[in-house]
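See structure below.
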Amino acid sequence: MINEDLSYPSDFNAEVKNATEKLYKGVSKIIPEVEWPFHAPLIHEINKLKKEKNIAILTHNYQTPEIFHCVSDIVGDSLKLAYEARDCDADTIIVCGVHFMAETAKILSPKKNVLIPDTRAGCSLSDSITAKDIRLLKEKYPGVPVVTYVNTSAEVKAETDVCCTSGNAKHVVESLGSETVIFLPDEYLAKNIAAQTHVKIISWKGRCEVHERFTAKEILSYKEQHENIIVLAHPECSPEVVAVSDFTGSTAGMSNYVKDNQPQKVIMVTECSMSDNVAIENPNVDFIRPCNLCPHMKRISLKKIYDAIRFNQHEVIVKENIIDRARLSIDRMLEIGRK
Ligand code: 13P
Ligand code: SF4
């Protein structure tokens, strides 16, 4: 498709200024005042258009603050976005996250128009395994249930017994009542779960390219420099990093930890934007930021969200027979819930 009108709202006039003033107050701790006139016209237009067109913007915790705090209807971790995609009553869902999240939304809401602002927003975990790999594993371990992390393609989910996210992985593994489970594709998440359960875990060799870069040495040196600092780590980090952390949990788990405990100083061992978003909501907490960027999450921008709305792009399409099979594995996970 050729997009003819490629200009973007840029006039920071009185109407835009007034309409976005409250939003700016909310993010002023993170977004410098000189930058706001570049974001505000787009934010204003996106918020107007999405109401007119009955669009819901579902945004992952790793998106930048101007997206997360200023144009989103629902924000959260992968698990929350899945529930909300199933339950929301918008005609169109725009997923500000990566491709597997948009596919999950489409599988759960096949009649809705589901869009992703940039189709190249992938994930190293999702790329690490194919449906054929799963079929071969099932041949090798007949009768062993397959638990698959949601960070996978729809085709992989279609070969799976039940999905999980970092917010419910241990709970899902234990709910099956099996001595052994195949747990895919994140090697580190599998090891971190294996350390907390008696269930025997057969794992795969996938890694998150963002979380695998953190090292225990780096975290220990932050602890040395900052007395009483609380370290929160995502379970896609290595077991060595998890071992030197005070708490491990999904992106929502980490965010709730800060909200509930209000530590004086904290490090979130995860993607960079998480700390920015959580810092805005917790002004009394001091954040030390050893972050790594997820290049896939960072493909989403206000301009691309605006294009997604005005050009109805990029539609997420999943084959019907894949939707039917993948849906079973996601529904089972949603029934099991979060723990
Ligand atoms: P959460 O399910 O914790 O939001 O994590 C998703 C993800 O991609 C982490 O890298
Ligand atoms: Fe995938 Fe890691 Fe990026 Fe999450 S942070 S989307 S797991 S590459």
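Every chain in the structure tokens has a letter given in the order shown (A, B, ...), and although residue numbers restart at 1 in each chain, ligands are simply numbered from 1 in the order shown.
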What do you get as a tab-separated table (two decimals) with C-alpha atoms, in the first residue's frame if you pick all residues at most 6 Å from ligand 1, counting only C-alpha atoms and all ligand atoms?
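result-v7.tsv written:
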chain	number	residue	atom	x	y	z
A	77	ASP	CA	2.60	-7.24	31.43
A	78	SER	CA	1.98	-9.91	28.79
A	79	LEU	CA	-0.59	-11.66	30.95
A	165	THR	CA	3.88	-15.96	31.03
A	166	SER	CA	6.53	-14.89	33.52
A	250	SER	CA	7.15	-10.41	35.70
A	251	THR	CA	7.18	-6.77	34.63
Would you list the residues that come within 6 Å of ligand 2? Count only C-alpha atoms and all ligand atoms and give the answer as number ranges by chain. A: 98, 123-125, 208-210, 294, 296
Can those selected residues be exported to a file as a compact mmCIF listing (two decimals), in the first residue's frame so that it contains C-alpha atoms?
# COMPACT_ATOMS: atom_id res chain seq x y z
CA VAL A 98 5.96 -6.99 20.06
CA CYS A 123 11.47 -11.18 19.89
CA SER A 124 14.60 -13.32 20.18
CA LEU A 125 12.72 -15.91 22.25
CA CYS A 208 16.04 -13.09 25.68
CA GLU A 209 18.70 -10.95 24.02
CA VAL A 210 17.98 -8.14 26.49
CA CYS A 294 14.84 -4.09 23.61
CA HIS A 296 12.01 -4.73 19.04
Nearest residue to A:Asn292 out of A:Tyr149, A:Tyr62, A:Tyr188, A:Tyr306, using only C-alpha atoms? A:Tyr62
A:Lys51 surroundings by only C-alpha atoms, 12 Å radius, close-in-sequence under 3 positions cut, as a ChimeraX atom specification: /A:44-48,54-57,71-73,90-92,309
Writing out the chosen residues with N, CA, C and O atoms as a compact mmCIF listing (two decimals), in the first residue's frame:
# COMPACT_ATOMS: atom_id res chain seq x y z
N HIS A 44 -2.16 14.42 21.08
CA HIS A 44 -3.50 15.02 21.02
C HIS A 44 -4.32 14.39 19.88
O HIS A 44 -5.46 14.00 20.05
N GLU A 45 -3.70 14.28 18.72
CA GLU A 45 -4.40 13.73 17.54
C GLU A 45 -4.72 12.25 17.72
O GLU A 45 -5.83 11.80 17.40
N ILE A 46 -3.77 11.49 18.26
CA ILE A 46 -4.01 10.05 18.49
C ILE A 46 -5.18 9.88 19.46
O ILE A 46 -6.09 9.08 19.22
N ASN A 47 -5.19 10.66 20.52
CA ASN A 47 -6.26 10.51 21.52
C ASN A 47 -7.63 10.90 20.96
O ASN A 47 -8.64 10.30 21.31
N LYS A 48 -7.63 11.89 20.05
CA LYS A 48 -8.91 12.27 19.41
C LYS A 48 -9.40 11.16 18.49
O LYS A 48 -10.53 10.70 18.57
N ASN A 54 -13.34 4.18 18.00
CA ASN A 54 -13.49 3.11 19.00
C ASN A 54 -12.30 2.14 18.97
O ASN A 54 -12.45 0.93 18.76
N ILE A 55 -11.12 2.73 19.16
CA ILE A 55 -9.87 1.97 19.18
C ILE A 55 -9.37 1.88 20.62
O ILE A 55 -9.42 2.87 21.35
N ALA A 56 -8.88 0.70 21.01
CA ALA A 56 -8.21 0.57 22.32
C ALA A 56 -6.71 0.37 22.07
O ALA A 56 -6.33 -0.47 21.24
N ILE A 57 -5.89 1.12 22.78
CA ILE A 57 -4.43 0.96 22.66
C ILE A 57 -3.95 0.17 23.88
O ILE A 57 -4.08 0.61 25.02
N VAL A 71 -0.95 7.88 25.65
CA VAL A 71 -1.96 7.50 24.63
C VAL A 71 -2.59 6.13 24.91
O VAL A 71 -3.44 5.68 24.15
N SER A 72 -2.17 5.45 25.98
CA SER A 72 -2.60 4.05 26.17
C SER A 72 -3.91 3.97 26.94
O SER A 72 -4.17 4.76 27.84
N ASP A 73 -4.71 2.98 26.59
CA ASP A 73 -5.94 2.71 27.35
C ASP A 73 -5.69 1.65 28.41
O ASP A 73 -6.28 1.69 29.47
N ALA A 90 -13.58 -2.72 22.26
CA ALA A 90 -13.26 -1.82 21.14
C ALA A 90 -13.43 -2.57 19.82
O ALA A 90 -13.39 -3.80 19.78
N ASP A 91 -13.61 -1.82 18.71
CA ASP A 91 -13.67 -2.47 17.39
C ASP A 91 -12.26 -2.82 16.92
O ASP A 91 -12.04 -3.81 16.23
N THR A 92 -11.31 -1.96 17.28
CA THR A 92 -9.92 -2.17 16.86
C THR A 92 -9.01 -2.14 18.08
O THR A 92 -9.20 -1.31 18.97
N ILE A 309 -3.37 4.17 13.02
CA ILE A 309 -4.77 4.61 13.11
C ILE A 309 -5.25 5.13 11.76
O ILE A 309 -6.30 4.72 11.26
List as a list in words the protein and nucleic acid residues near A:Asn13, meaning an atom at most 10 Å away when only C-alpha atoms are counted, but skip any in the same chain fewer than 2 places from it.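 Final neighbour list, sorted by chain and number: Ser10, Asp11, Glu15, Val16, Lys17, Asn18, Pro37, Ala40 and Pro41 of chain A.
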Which one of A:Leu232, A:Val147, A:Ala154, A:Val241 sits closest to A:Ser203 if you count only C-alpha atoms? A:Val147
Could you pull the residues within 12 Å of A:Thr248, counting only C-alpha atoms, minus those fewer than 4 positions along the same chain, as JSON, numbers by chain? {"A": [166, 167, 189, 192, 193, 196, 230, 231, 232, 233, 234, 235, 236, 237, 238, 239, 241, 242, 243, 244, 252, 253, 254, 255, 256, 257, 267, 268, 269, 270]}
Quick one: everything within 10 Å of A:Val199, counting only C-alpha atoms, minus sequence neighbours fewer than 5 positions away in the same chain. Send it as JSON, numbers by chain. {"A": [170, 173, 174, 176, 177, 178, 179, 180, 181, 193, 194]}
Distance query A:His99 at most 10 Å, only C-alpha atoms, self and fewer than 4 positions along chain excluded, as a PyMOL selection string: chain A and resi 95+103-105+115-123+126+151-154+296-297+316
Could you please take those selected residues and save N, CA and C atoms as a PDB file, in the first residue's frame?
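That gives us selection.pdb:
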ATOM      1  N   VAL A  95      -1.810  -2.921  19.349  1.00  0.00           N
ATOM      2  CA  VAL A  95      -0.906  -3.456  20.367  1.00  0.00           C
ATOM      3  C   VAL A  95       0.441  -2.736  20.260  1.00  0.00           C
ATOM      4  N   GLU A 103      -0.286 -11.064  18.088  1.00  0.00           N
ATOM      5  CA  GLU A 103      -0.885 -12.336  17.652  1.00  0.00           C
ATOM      6  C   GLU A 103      -1.782 -12.911  18.749  1.00  0.00           C
ATOM      7  N   THR A 104      -1.303 -12.834  20.002  1.00  0.00           N
ATOM      8  CA  THR A 104      -2.106 -13.337  21.124  1.00  0.00           C
ATOM      9  C   THR A 104      -3.434 -12.581  21.177  1.00  0.00           C
ATOM     10  N   ALA A 105      -3.378 -11.262  20.989  1.00  0.00           N
ATOM     11  CA  ALA A 105      -4.613 -10.462  20.994  1.00  0.00           C
ATOM     12  C   ALA A 105      -5.546 -10.928  19.876  1.00  0.00           C
ATOM     13  N   LEU A 115      -4.175  -4.465  15.200  1.00  0.00           N
ATOM     14  CA  LEU A 115      -3.083  -3.822  14.454  1.00  0.00           C
ATOM     15  C   LEU A 115      -1.816  -3.771  15.289  1.00  0.00           C
ATOM     16  N   ILE A 116      -0.674  -3.847  14.608  1.00  0.00           N
ATOM     17  CA  ILE A 116       0.614  -3.592  15.272  1.00  0.00           C
ATOM     18  C   ILE A 116       1.303  -2.472  14.480  1.00  0.00           C
ATOM     19  N   PRO A 117       1.787  -1.433  15.147  1.00  0.00           N
ATOM     20  CA  PRO A 117       2.341  -0.279  14.422  1.00  0.00           C
ATOM     21  C   PRO A 117       3.593  -0.597  13.605  1.00  0.00           C
ATOM     22  N   ASP A 118       4.340  -1.637  13.961  1.00  0.00           N
ATOM     23  CA  ASP A 118       5.521  -2.017  13.161  1.00  0.00           C
ATOM     24  C   ASP A 118       5.645  -3.540  13.182  1.00  0.00           C
ATOM     25  N   THR A 119       5.530  -4.152  12.010  1.00  0.00           N
ATOM     26  CA  THR A 119       5.531  -5.632  11.948  1.00  0.00           C
ATOM     27  C   THR A 119       6.910  -6.219  12.272  1.00  0.00           C
ATOM     28  N   ARG A 120       7.929  -5.369  12.273  1.00  0.00           N
ATOM     29  CA  ARG A 120       9.276  -5.893  12.557  1.00  0.00           C
ATOM     30  C   ARG A 120       9.563  -5.999  14.055  1.00  0.00           C
ATOM     31  N   ALA A 121       8.583  -5.654  14.888  1.00  0.00           N
ATOM     32  CA  ALA A 121       8.789  -5.737  16.343  1.00  0.00           C
ATOM     33  C   ALA A 121       8.722  -7.214  16.757  1.00  0.00           C
ATOM     34  N   GLY A 122       9.858  -7.888  16.688  1.00  0.00           N
ATOM     35  CA  GLY A 122       9.902  -9.333  16.958  1.00  0.00           C
ATOM     36  C   GLY A 122      10.367  -9.633  18.371  1.00  0.00           C
ATOM     37  N   CYS A 123      10.996 -10.785  18.558  1.00  0.00           N
ATOM     38  CA  CYS A 123      11.467 -11.182  19.891  1.00  0.00           C
ATOM     39  C   CYS A 123      12.440 -12.347  19.714  1.00  0.00           C
ATOM     40  N   SER A 126      10.900 -15.714  20.697  1.00  0.00           N
ATOM     41  CA  SER A 126       9.941 -16.207  19.711  1.00  0.00           C
ATOM     42  C   SER A 126      10.676 -16.769  18.487  1.00  0.00           C
ATOM     43  N   ASN A 151       5.873 -15.854  24.702  1.00  0.00           N
ATOM     44  CA  ASN A 151       6.818 -15.228  23.764  1.00  0.00           C
ATOM     45  C   ASN A 151       7.164 -16.210  22.640  1.00  0.00           C
ATOM     46  N   THR A 152       6.153 -16.624  21.897  1.00  0.00           N
ATOM     47  CA  THR A 152       6.315 -17.580  20.794  1.00  0.00           C
ATOM     48  C   THR A 152       5.289 -17.251  19.718  1.00  0.00           C
ATOM     49  N   SER A 153       5.503 -17.820  18.516  1.00  0.00           N
ATOM     50  CA  SER A 153       4.566 -17.556  17.412  1.00  0.00           C
ATOM     51  C   SER A 153       3.250 -18.310  17.623  1.00  0.00           C
ATOM     52  N   ALA A 154       2.234 -17.912  16.867  1.00  0.00           N
ATOM     53  CA  ALA A 154       0.925 -18.579  16.938  1.00  0.00           C
ATOM     54  C   ALA A 154       1.055 -20.053  16.547  1.00  0.00           C
ATOM     55  N   HIS A 296      13.308  -4.397  19.657  1.00  0.00           N
ATOM     56  CA  HIS A 296      12.007  -4.732  19.039  1.00  0.00           C
ATOM     57  C   HIS A 296      10.903  -3.858  19.624  1.00  0.00           C
ATOM     58  N   MET A 297      10.884  -3.761  20.953  1.00  0.00           N
ATOM     59  CA  MET A 297       9.895  -2.900  21.612  1.00  0.00           C
ATOM     60  C   MET A 297      10.057  -1.456  21.127  1.00  0.00           C
ATOM     61  N   VAL A 316      -2.967  -7.663  11.845  1.00  0.00           N
ATOM     62  CA  VAL A 316      -2.370  -8.938  12.274  1.00  0.00           C
ATOM     63  C   VAL A 316      -3.281 -10.048  11.769  1.00  0.00           C
TER      64      VAL A 316
END
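Using only C-alpha atoms, the smallest distance between any of A:Ala131, A:Ile182, A:Glu159, A:Arg86 and A:Val144 comes from A:Ile182.
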Per DSSP on the backbone, filter stretch 86-174 of chain A down to the residues in strand (DSSP E) and report them as a CSV table (one decimal) with C-alpha atoms, in the first residue's frame.
chain,number,residue,atom,x,y,z
A,92,THR,CA,-9.9,-2.2,16.9
A,93,ILE,CA,-7.0,-3.1,19.2
A,94,ILE,CA,-3.6,-1.5,18.6
A,95,VAL,CA,-0.9,-3.5,20.4
A,96,CYS,CA,2.1,-1.3,21.4
A,113,ASN,CA,-9.3,-5.6,13.9
A,114,VAL,CA,-5.9,-6.1,15.6
A,115,LEU,CA,-3.1,-3.8,14.5
A,146,VAL,CA,4.2,-29.0,26.7
A,147,VAL,CA,4.2,-25.6,28.5
A,148,THR,CA,5.1,-22.8,26.2
A,149,TYR,CA,6.0,-19.2,27.1
A,162,VAL,CA,-0.8,-24.8,27.8
A,163,CYS,CA,0.9,-21.3,27.6
A,164,CYS,CA,2.4,-19.4,30.4
Write out as a ChimeraX atom specification the set of residues from stretch 149-220 of chain A that DSSP, computed on the backbone, places in alpha helix (DSSP H). /A:154-158,169-175,187-194,216-220
Interatomic distance, atom CA of A:Ile134 to atom CA of A:Ile202 (Å, one decimal): 12.1 Å
